[in-house]
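Note: the block below is model-v4.csv and it holds CSV, C-alpha atoms.
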chain,number,residue,atom,x,y,z
A,1,MET,CA,-37.0,-20.5,-12.3
A,2,GLN,CA,-34.9,-23.7,-12.3
A,3,VAL,CA,-32.7,-24.3,-9.2
A,4,VAL,CA,-29.2,-25.3,-10.1
A,5,TYR,CA,-27.6,-25.4,-6.7
A,6,SER,CA,-29.9,-26.3,-3.8
A,7,ARG,CA,-27.4,-25.4,-1.1
A,8,CYS,CA,-25.3,-22.4,-1.8
A,9,ALA,CA,-24.1,-19.1,-0.4
A,10,GLY,CA,-23.4,-15.5,-1.6
A,11,LEU,CA,-20.7,-13.4,0.0
A,12,ASP,CA,-20.5,-9.6,0.0
A,13,VAL,CA,-16.8,-9.1,0.8
A,14,HIS,CA,-15.3,-5.9,2.2
A,15,LYS,CA,-12.0,-4.9,3.7
A,16,LYS,CA,-13.0,-5.6,7.3
A,17,ASN,CA,-16.0,-7.9,7.1
A,18,VAL,CA,-17.9,-10.4,5.0
A,19,VAL,CA,-21.7,-10.7,4.9
A,20,ALA,CA,-22.7,-14.2,4.0
A,21,CYS,CA,-26.2,-15.4,2.9
A,22,VAL,CA,-26.9,-19.2,2.8
A,23,ILE,CA,-29.8,-20.6,0.9
A,24,ALA,CA,-30.9,-24.2,1.7
A,25,PRO,CA,-34.1,-26.2,1.5
A,26,ASN,CA,-36.4,-26.1,4.5
A,27,ASP,CA,-38.9,-28.7,5.8
A,28,SER,CA,-41.9,-27.1,4.1
A,29,ARG,CA,-40.3,-27.6,0.6
A,30,GLY,CA,-39.4,-24.0,0.5
A,31,TRP,CA,-36.2,-22.1,0.9
A,32,HIS,CA,-34.5,-21.0,4.1
A,33,LYS,CA,-32.1,-18.0,4.1
A,34,GLU,CA,-29.7,-17.3,6.9
A,35,ILE,CA,-27.4,-14.3,7.0
A,36,ARG,CA,-24.3,-13.8,9.2
A,37,THR,CA,-21.5,-11.3,9.2
A,38,PHE,CA,-17.9,-12.3,9.8
A,39,SER,CA,-14.7,-10.3,10.1
A,40,THR,CA,-11.9,-10.9,7.6
A,41,MET,CA,-9.5,-12.1,10.2
A,42,THR,CA,-8.3,-15.6,9.6
A,43,LYS,CA,-10.0,-17.0,12.7
A,44,ASP,CA,-13.3,-15.6,11.7
A,45,LEU,CA,-12.9,-16.7,8.1
A,46,LEU,CA,-12.4,-20.3,9.4
A,47,ASN,CA,-15.6,-19.8,11.4
A,48,LEU,CA,-17.3,-18.8,8.1
A,49,SER,CA,-16.0,-22.0,6.5
A,50,ASP,CA,-17.4,-24.0,9.4
A,51,TRP,CA,-20.7,-22.2,9.3
A,52,LEU,CA,-21.1,-22.9,5.5
A,53,THR,CA,-20.1,-26.6,6.1
A,54,SER,CA,-22.8,-26.9,8.8
A,55,HIS,CA,-25.4,-25.9,6.2
A,56,ASP,CA,-24.0,-28.5,3.7
A,57,CYS,CA,-23.1,-25.7,1.3
A,58,THR,CA,-21.6,-26.9,-1.9
A,59,HIS,CA,-21.1,-23.7,-3.9
A,60,VAL,CA,-20.1,-20.2,-2.8
A,61,ALA,CA,-20.1,-17.0,-4.9
A,62,MET,CA,-18.5,-13.6,-4.2
A,63,GLU,CA,-17.6,-10.5,-6.1
A,64,SER,CA,-14.0,-9.9,-7.2
A,65,THR,CA,-13.7,-6.7,-5.1
A,66,GLY,CA,-10.1,-5.4,-5.3
A,67,GLU,CA,-7.8,-7.7,-3.4
A,68,TYR,CA,-10.3,-8.3,-0.6
A,69,TRP,CA,-11.6,-11.5,-2.0
A,70,ARG,CA,-8.2,-13.3,-1.8
A,71,PRO,CA,-8.1,-14.0,2.0
A,72,VAL,CA,-11.6,-15.4,1.8
A,73,PHE,CA,-10.9,-17.5,-1.3
A,74,ASN,CA,-7.7,-18.9,0.4
A,75,ILE,CA,-9.7,-20.2,3.3
A,76,LEU,CA,-12.7,-21.5,1.3
A,77,GLU,CA,-11.3,-23.0,-1.9
A,78,GLY,CA,-10.4,-26.3,-0.4
A,79,ASN,CA,-13.9,-27.0,1.0
A,80,PHE,CA,-16.3,-25.5,-1.5
A,81,GLU,CA,-16.7,-24.8,-5.2
A,82,VAL,CA,-15.9,-21.1,-5.0
A,83,MET,CA,-17.0,-18.8,-7.8
A,84,LEU,CA,-15.4,-15.4,-8.2
A,85,VAL,CA,-17.7,-13.1,-10.2
A,86,ASN,CA,-17.1,-9.8,-11.9
A,87,ALA,CA,-18.8,-7.1,-9.8
A,88,ARG,CA,-20.1,-5.3,-12.9
A,89,HIS,CA,-22.1,-8.3,-13.9
A,90,ILE,CA,-24.0,-8.2,-10.5
A,91,LYS,CA,-24.1,-4.5,-9.8
A,92,ALA,CA,-25.8,-3.8,-13.2
A,93,VAL,CA,-29.0,-5.0,-11.5
A,94,PRO,CA,-30.7,-2.1,-9.5
A,95,GLY,CA,-32.5,-2.3,-6.2
A,96,ARG,CA,-29.7,-3.4,-3.9
A,97,LYS,CA,-28.9,-0.9,-1.2
A,98,THR,CA,-27.3,-2.8,1.7
A,99,ASP,CA,-24.6,-5.4,2.2
A,100,ILE,CA,-27.2,-7.9,3.3
A,101,LYS,CA,-29.2,-7.4,0.2
A,102,ASP,CA,-26.1,-7.7,-1.9
A,103,ALA,CA,-25.3,-11.1,-0.2
A,104,GLN,CA,-28.8,-12.3,-0.7
A,105,TRP,CA,-28.8,-11.3,-4.4
A,106,ILE,CA,-25.5,-13.0,-5.1
A,107,ALA,CA,-26.9,-16.2,-3.4
A,108,GLU,CA,-30.1,-16.1,-5.4
A,109,LEU,CA,-28.3,-15.6,-8.7
A,110,LEU,CA,-26.0,-18.5,-7.8
A,111,GLN,CA,-28.9,-20.7,-6.8
A,112,HIS,CA,-30.4,-20.4,-10.3
A,113,GLY,CA,-27.1,-20.7,-12.1
A,114,LEU,CA,-27.1,-17.2,-13.4
A,115,LEU,CA,-23.5,-16.3,-12.5
A,116,ARG,CA,-20.5,-16.7,-14.8
A,117,PRO,CA,-17.4,-17.4,-12.7
A,118,SER,CA,-14.0,-15.8,-13.5
A,119,PHE,CA,-11.1,-18.1,-14.2
A,120,ILE,CA,-8.9,-18.7,-11.2
A,121,PRO,CA,-5.7,-20.6,-11.9
A,122,ALA,CA,-4.5,-23.5,-9.7
A,123,ILE,CA,-2.7,-22.5,-6.5
A,124,GLU,CA,0.7,-23.5,-7.9
A,125,GLN,CA,0.2,-21.2,-10.9
A,126,ARG,CA,-1.0,-18.4,-8.6
A,127,ASP,CA,2.1,-18.8,-6.4
A,128,LEU,CA,4.3,-18.7,-9.5
A,129,ARG,CA,2.5,-15.6,-10.8
A,130,ASP,CA,2.9,-13.8,-7.5
A,131,LEU,CA,6.7,-14.6,-7.6
A,132,THR,CA,7.1,-13.4,-11.2
A,133,ARG,CA,5.1,-10.2,-10.5
A,134,HIS,CA,7.1,-9.5,-7.4
A,135,ARG,CA,10.3,-10.0,-9.4
A,136,SER,CA,9.0,-7.6,-12.1
A,137,ASN,CA,8.3,-5.0,-9.5
A,138,PHE,CA,11.9,-5.2,-8.3
A,139,ILE,CA,13.1,-4.8,-11.9
A,140,ARG,CA,10.9,-1.7,-12.4
A,141,GLU,CA,12.1,-0.3,-9.1
A,142,ARG,CA,15.7,-0.9,-10.1
A,143,VAL,CA,15.2,0.9,-13.4
A,144,ASN,CA,13.8,3.9,-11.6
A,145,LEU,CA,16.7,4.0,-9.2
A,146,VAL,CA,19.2,3.8,-12.0
A,147,ASN,CA,17.5,6.7,-13.8
A,148,ARG,CA,17.8,8.7,-10.6
A,149,VAL,CA,21.5,7.9,-10.4
A,150,GLN,CA,21.8,9.2,-13.9
A,151,LYS,CA,20.0,12.4,-13.0
A,152,VAL,CA,22.3,13.0,-10.0
A,153,LEU,CA,25.3,12.5,-12.2
A,154,GLU,CA,24.1,14.9,-14.8
A,155,ALA,CA,23.4,17.5,-12.1
A,156,ALA,CA,27.0,17.0,-11.0
A,157,ASN,CA,28.4,17.4,-14.5
A,158,ILE,CA,29.5,13.8,-14.6
A,159,LYS,CA,29.0,12.3,-18.1
A,160,LEU,CA,29.7,8.7,-17.3
A,161,ALA,CA,26.7,7.4,-19.3
A,162,SER,CA,28.1,9.1,-22.4
A,163,VAL,CA,31.1,6.7,-22.3
A,164,ALA,CA,29.9,3.6,-20.5
A,165,SER,CA,27.0,1.8,-22.1
A,166,ASP,CA,25.9,0.5,-18.6
A,167,VAL,CA,26.3,2.8,-15.6
A,168,MET,CA,25.7,-0.2,-13.4
A,169,GLY,CA,28.4,-2.3,-15.0
A,170,VAL,CA,31.5,-3.5,-13.1
A,171,SER,CA,33.7,-0.6,-14.2
A,172,ALA,CA,31.1,2.1,-13.9
A,173,ARG,CA,30.1,0.9,-10.4
A,174,ALA,CA,33.7,1.1,-9.2
A,175,MET,CA,33.9,4.6,-10.5
A,176,LEU,CA,30.6,5.5,-8.8
A,177,ALA,CA,31.9,4.1,-5.6
A,178,ALA,CA,35.0,6.3,-6.0
A,179,ILE,CA,32.8,9.4,-6.6
A,180,VAL,CA,30.8,8.6,-3.4
A,181,GLU,CA,34.1,8.4,-1.5
A,182,GLY,CA,35.1,11.8,-2.8
A,183,ASN,CA,38.9,11.3,-2.6
A,184,SER,CA,39.8,10.3,-6.1
A,185,THR,CA,40.7,12.2,-9.2
A,186,PRO,CA,39.2,11.6,-12.7
A,187,GLU,CA,42.5,10.0,-13.8
A,188,LEU,CA,42.5,7.5,-10.9
A,189,MET,CA,38.9,6.7,-11.4
A,190,ALA,CA,39.5,6.1,-15.1
A,191,GLU,CA,42.1,3.5,-14.2
A,192,LEU,CA,39.3,1.5,-12.5
A,193,ALA,CA,38.1,0.6,-16.0
A,194,LYS,CA,38.0,-3.2,-16.8
A,195,GLY,CA,38.1,-5.0,-20.1
A,196,THR,CA,37.1,-3.1,-23.2
A,197,MET,CA,36.5,0.0,-21.0
A,198,ARG,CA,40.2,0.4,-20.6
A,199,GLY,CA,40.5,1.6,-24.2
A,200,LYS,CA,38.2,4.5,-23.3
A,201,ARG,CA,40.3,5.9,-20.4
A,202,GLU,CA,41.0,9.2,-22.1
A,203,LEU,CA,37.2,9.7,-22.6
A,204,LEU,CA,36.5,8.6,-19.1
A,205,VAL,CA,38.9,11.2,-17.6
A,206,GLN,CA,36.9,13.9,-19.4
A,207,ALA,CA,33.5,12.3,-18.5
A,208,LEU,CA,34.5,12.1,-14.8
A,209,GLU,CA,35.5,15.7,-14.5
A,210,GLY,CA,32.6,17.2,-12.7
A,211,ARG,CA,31.4,19.3,-9.7
A,212,VAL,CA,30.1,16.8,-7.2
A,213,ARG,CA,28.7,18.3,-4.1
A,214,PRO,CA,28.5,16.6,-0.7
A,215,HIS,CA,24.7,16.2,-0.8
A,216,GLN,CA,25.0,14.6,-4.2
A,217,ARG,CA,27.5,12.0,-2.9
A,218,PHE,CA,25.1,11.3,-0.1
A,219,ILE,CA,22.2,10.7,-2.5
A,220,LEU,CA,24.3,8.5,-4.8
A,221,ALA,CA,25.4,6.4,-1.8
A,222,GLN,CA,21.7,5.9,-0.8
A,223,LEU,CA,20.7,5.1,-4.4
A,224,LEU,CA,23.5,2.6,-4.9
A,225,ALA,CA,22.7,0.9,-1.6
A,226,GLN,CA,19.1,0.4,-2.6
A,227,ILE,CA,20.2,-0.9,-6.0
A,228,ASP,CA,22.5,-3.4,-4.3
A,229,SER,CA,19.7,-4.6,-2.1
A,230,ILE,CA,17.4,-5.1,-5.0
A,231,ASP,CA,20.1,-6.9,-6.9
A,232,CYS,CA,20.4,-9.4,-4.0
A,233,SER,CA,16.7,-9.9,-4.0
A,234,ILE,CA,16.6,-10.5,-7.8
A,235,GLN,CA,19.4,-13.1,-7.4
A,236,LEU,CA,17.3,-14.9,-4.8
A,237,PHE,CA,14.5,-15.1,-7.3
A,238,ASP,CA,16.7,-16.4,-10.0
A,239,GLN,CA,18.3,-19.2,-7.9
Output the file's structure as structure tokens, nothing else.
Amino acid sequence: MQVVYSRCAGLDVHKKNVVACVIAPNDSRGWHKEIRTFSTMTKDLLNLSDWLTSHDCTHVAMESTGEYWRPVFNILEGNFEVMLVNARHIKAVPGRKTDIKDAQWIAELLQHGLLRPSFIPAIEQRDLRDLTRHRSNFIRERVNLVNRVQKVLEAANIKLASVASDVMGVSARAMLAAIVEGNSTPELMAELAKGTMRGKRELLVQALEGRVRPHQRFILAQLLAQIDSIDCSIQLFDQ
């Protein structure tokens, strides 16, 4: 079978360790295989990179196992042509029982050009994607918290959402703060309305007439504090 990469390595990546197999030509015109195991700590991954460099490795392949490939890729991508391979394309072949055999098999497939690498964006694009995903997670978490606020209000007979289109708007937030304080009447809370909401003061008085218990005020305070924290984080992303 044709050899595509004469000096290459296969990595079997796990949470705590990486088993690496290097294939390189030997003096008798055959192939030399060397296997070592490294931990996934940054210091040991740097040692892995140095070890691969000492064998004049040009190409490295590893399975895309969960998130465990990322630390390894971060260390190796600047020094080698790193191929991330779908695990299903490799594991479909029977006969491999150990991490060492896995690493050997990946190296042999790579040596003969039988692996199809997954697309990995440039580091700038990966960084941007991490940021946008992180922001999306904040948005989803905020939506969940707002829904929980609404559940607490419904349980307390407060129908603020029936009048205010946004229970997190400026007017509604002022009213929620007053509910948490627990020392205001529906009439006074309705006067906190701003802009177009002031035309709904009579409805607000009815909507804010409820039975809010101390533990519900406590829960509302905690939820609102979490929402405020998330809002600050989202503002940082948007700057």
Problem - Of the listed residues A:Arg148, A:Arg142, A:Arg126, A:Lys159, that which approaches Ala207 of chain A most closely, counting all atoms listed in the file - result: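 Looking at the shortest contact to Ala207 of chain A, the residue is A:Lys159.
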Problem - segment 52-66 of chain A environment, 9 Å, only C-alpha atoms, sequence neighbours closer than 2 positions dropped, as JSON, numbers by chain - result: {"A": [5, 6, 7, 8, 9, 10, 11, 12, 13, 14, 20, 22, 23, 24, 47, 48, 49, 50, 68, 69, 70, 76, 79, 80, 81, 82, 83, 84, 85, 86, 87, 88, 90, 103, 106, 107, 110, 111, 115, 117, 118]}
Exercise for the section: Fewer than 3 positions away in the same chain doesn't count, so skip those; otherwise give me all residues within 12 Å of segment 222-237 of chain A, counting only C-alpha atoms, as a PyMOL selection string. Expected result: chain A and resi 128+130-153+167-168+172-177+179-180+215-219
Residues as selected, C-alpha atoms, written as a PDB file, in the frame of the given file, can you do that?
ATOM      1  CA  LEU A 128       4.300 -18.700  -9.500  1.00  0.00           C
ATOM      2  CA  ASP A 130       2.900 -13.800  -7.500  1.00  0.00           C
ATOM      3  CA  LEU A 131       6.700 -14.600  -7.600  1.00  0.00           C
ATOM      4  CA  THR A 132       7.100 -13.400 -11.200  1.00  0.00           C
ATOM      5  CA  ARG A 133       5.100 -10.200 -10.500  1.00  0.00           C
ATOM      6  CA  HIS A 134       7.100  -9.500  -7.400  1.00  0.00           C
ATOM      7  CA  ARG A 135      10.300 -10.000  -9.400  1.00  0.00           C
ATOM      8  CA  SER A 136       9.000  -7.600 -12.100  1.00  0.00           C
ATOM      9  CA  ASN A 137       8.300  -5.000  -9.500  1.00  0.00           C
ATOM     10  CA  PHE A 138      11.900  -5.200  -8.300  1.00  0.00           C
ATOM     11  CA  ILE A 139      13.100  -4.800 -11.900  1.00  0.00           C
ATOM     12  CA  ARG A 140      10.900  -1.700 -12.400  1.00  0.00           C
ATOM     13  CA  GLU A 141      12.100  -0.300  -9.100  1.00  0.00           C
ATOM     14  CA  ARG A 142      15.700  -0.900 -10.100  1.00  0.00           C
ATOM     15  CA  VAL A 143      15.200   0.900 -13.400  1.00  0.00           C
ATOM     16  CA  ASN A 144      13.800   3.900 -11.600  1.00  0.00           C
ATOM     17  CA  LEU A 145      16.700   4.000  -9.200  1.00  0.00           C
ATOM     18  CA  VAL A 146      19.200   3.800 -12.000  1.00  0.00           C
ATOM     19  CA  ASN A 147      17.500   6.700 -13.800  1.00  0.00           C
ATOM     20  CA  ARG A 148      17.800   8.700 -10.600  1.00  0.00           C
ATOM     21  CA  VAL A 149      21.500   7.900 -10.400  1.00  0.00           C
ATOM     22  CA  GLN A 150      21.800   9.200 -13.900  1.00  0.00           C
ATOM     23  CA  LYS A 151      20.000  12.400 -13.000  1.00  0.00           C
ATOM     24  CA  VAL A 152      22.300  13.000 -10.000  1.00  0.00           C
ATOM     25  CA  LEU A 153      25.300  12.500 -12.200  1.00  0.00           C
ATOM     26  CA  VAL A 167      26.300   2.800 -15.600  1.00  0.00           C
ATOM     27  CA  MET A 168      25.700  -0.200 -13.400  1.00  0.00           C
ATOM     28  CA  ALA A 172      31.100   2.100 -13.900  1.00  0.00           C
ATOM     29  CA  ARG A 173      30.100   0.900 -10.400  1.00  0.00           C
ATOM     30  CA  ALA A 174      33.700   1.100  -9.200  1.00  0.00           C
ATOM     31  CA  MET A 175      33.900   4.600 -10.500  1.00  0.00           C
ATOM     32  CA  LEU A 176      30.600   5.500  -8.800  1.00  0.00           C
ATOM     33  CA  ALA A 177      31.900   4.100  -5.600  1.00  0.00           C
ATOM     34  CA  ILE A 179      32.800   9.400  -6.600  1.00  0.00           C
ATOM     35  CA  VAL A 180      30.800   8.600  -3.400  1.00  0.00           C
ATOM     36  CA  HIS A 215      24.700  16.200  -0.800  1.00  0.00           C
ATOM     37  CA  GLN A 216      25.000  14.600  -4.200  1.00  0.00           C
ATOM     38  CA  ARG A 217      27.500  12.000  -2.900  1.00  0.00           C
ATOM     39  CA  PHE A 218      25.100  11.300  -0.100  1.00  0.00           C
ATOM     40  CA  ILE A 219      22.200  10.700  -2.500  1.00  0.00           C
TER      41      ILE A 219
END
Problem - atom CA of Lys200 of chain A to atom CA of Thr185 of chain A, distance in Å rounded to a single decimal - result: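 Pair atom CA of Lys200 of chain A / atom CA of Thr185 of chain A returns 16.3 Å.
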Practice task
Measuring atom to atom with only C-alpha atoms, identify which of A:Val18, A:Met41, A:Ala178, A:Leu204 is nearest to Ser162 of chain A.
Solution key: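 Closest to Ser162 of chain A of all the choices is A:Leu204.
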Practice task
Figure out the distance between atom CA of Gln104 of chain A and atom CA of Lys43 of chain A, please, to one decimal in Å.
Solution key: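 Separation between atom CA of Lys43 of chain A and atom CA of Gln104 of chain A: 23.6 Å.
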Handout entry: Coordinates-based distance that separates atom CA of Trp51 of chain A from atom CA of Ala122 of chain A (Å, one decimal)
Key =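 Between these atoms lies a distance of 25.0 Å.
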Handout entry: Within 10 Å of Ile123 of chain A using all atoms listed in the file, minus same-chain residues under 4 positions, as a VMD selection string
Key = chain A and resid 74 77 127 to 129
Step by step, gather every atom of segment 103-118 of chain A that the file lists, find the box along x, y and z that holds them, add 8 Å on each side, and finally give centre and edge lengths in Å to one decimal, as AutoDock Vina command-line options.
--center_x -22.2 --center_y -15.9 --center_z -7.5 --size_x 32.4 --size_y 25.6 --size_z 30.6
Problem - Selected residue, from A:Cys21, A:Ala190, A:Val212, A:Leu203, that lies nearest to Ala156 of chain A when counting all atoms listed in the file - result: A:Val212
Exercise for the section: Starting from the point (-36.7, -24.0, -8.4), work out which residues of protein, DNA or RNA have an atom no more than 12 Å away when counting only C-alpha atoms; state them as number ranges by chain. Expected result: A: 1-7, 24-25, 29-31, 108-109, 111-113
Exercise for the section: Would you list the residues near (-19.6, -8.8, 8.8), meaning any protein, DNA or RNA residue with an atom at most 6 Å from that point in file coordinates, counting only C-alpha atoms, as an NGL selection string? Expected result: :A and (17-19 or 37-39)
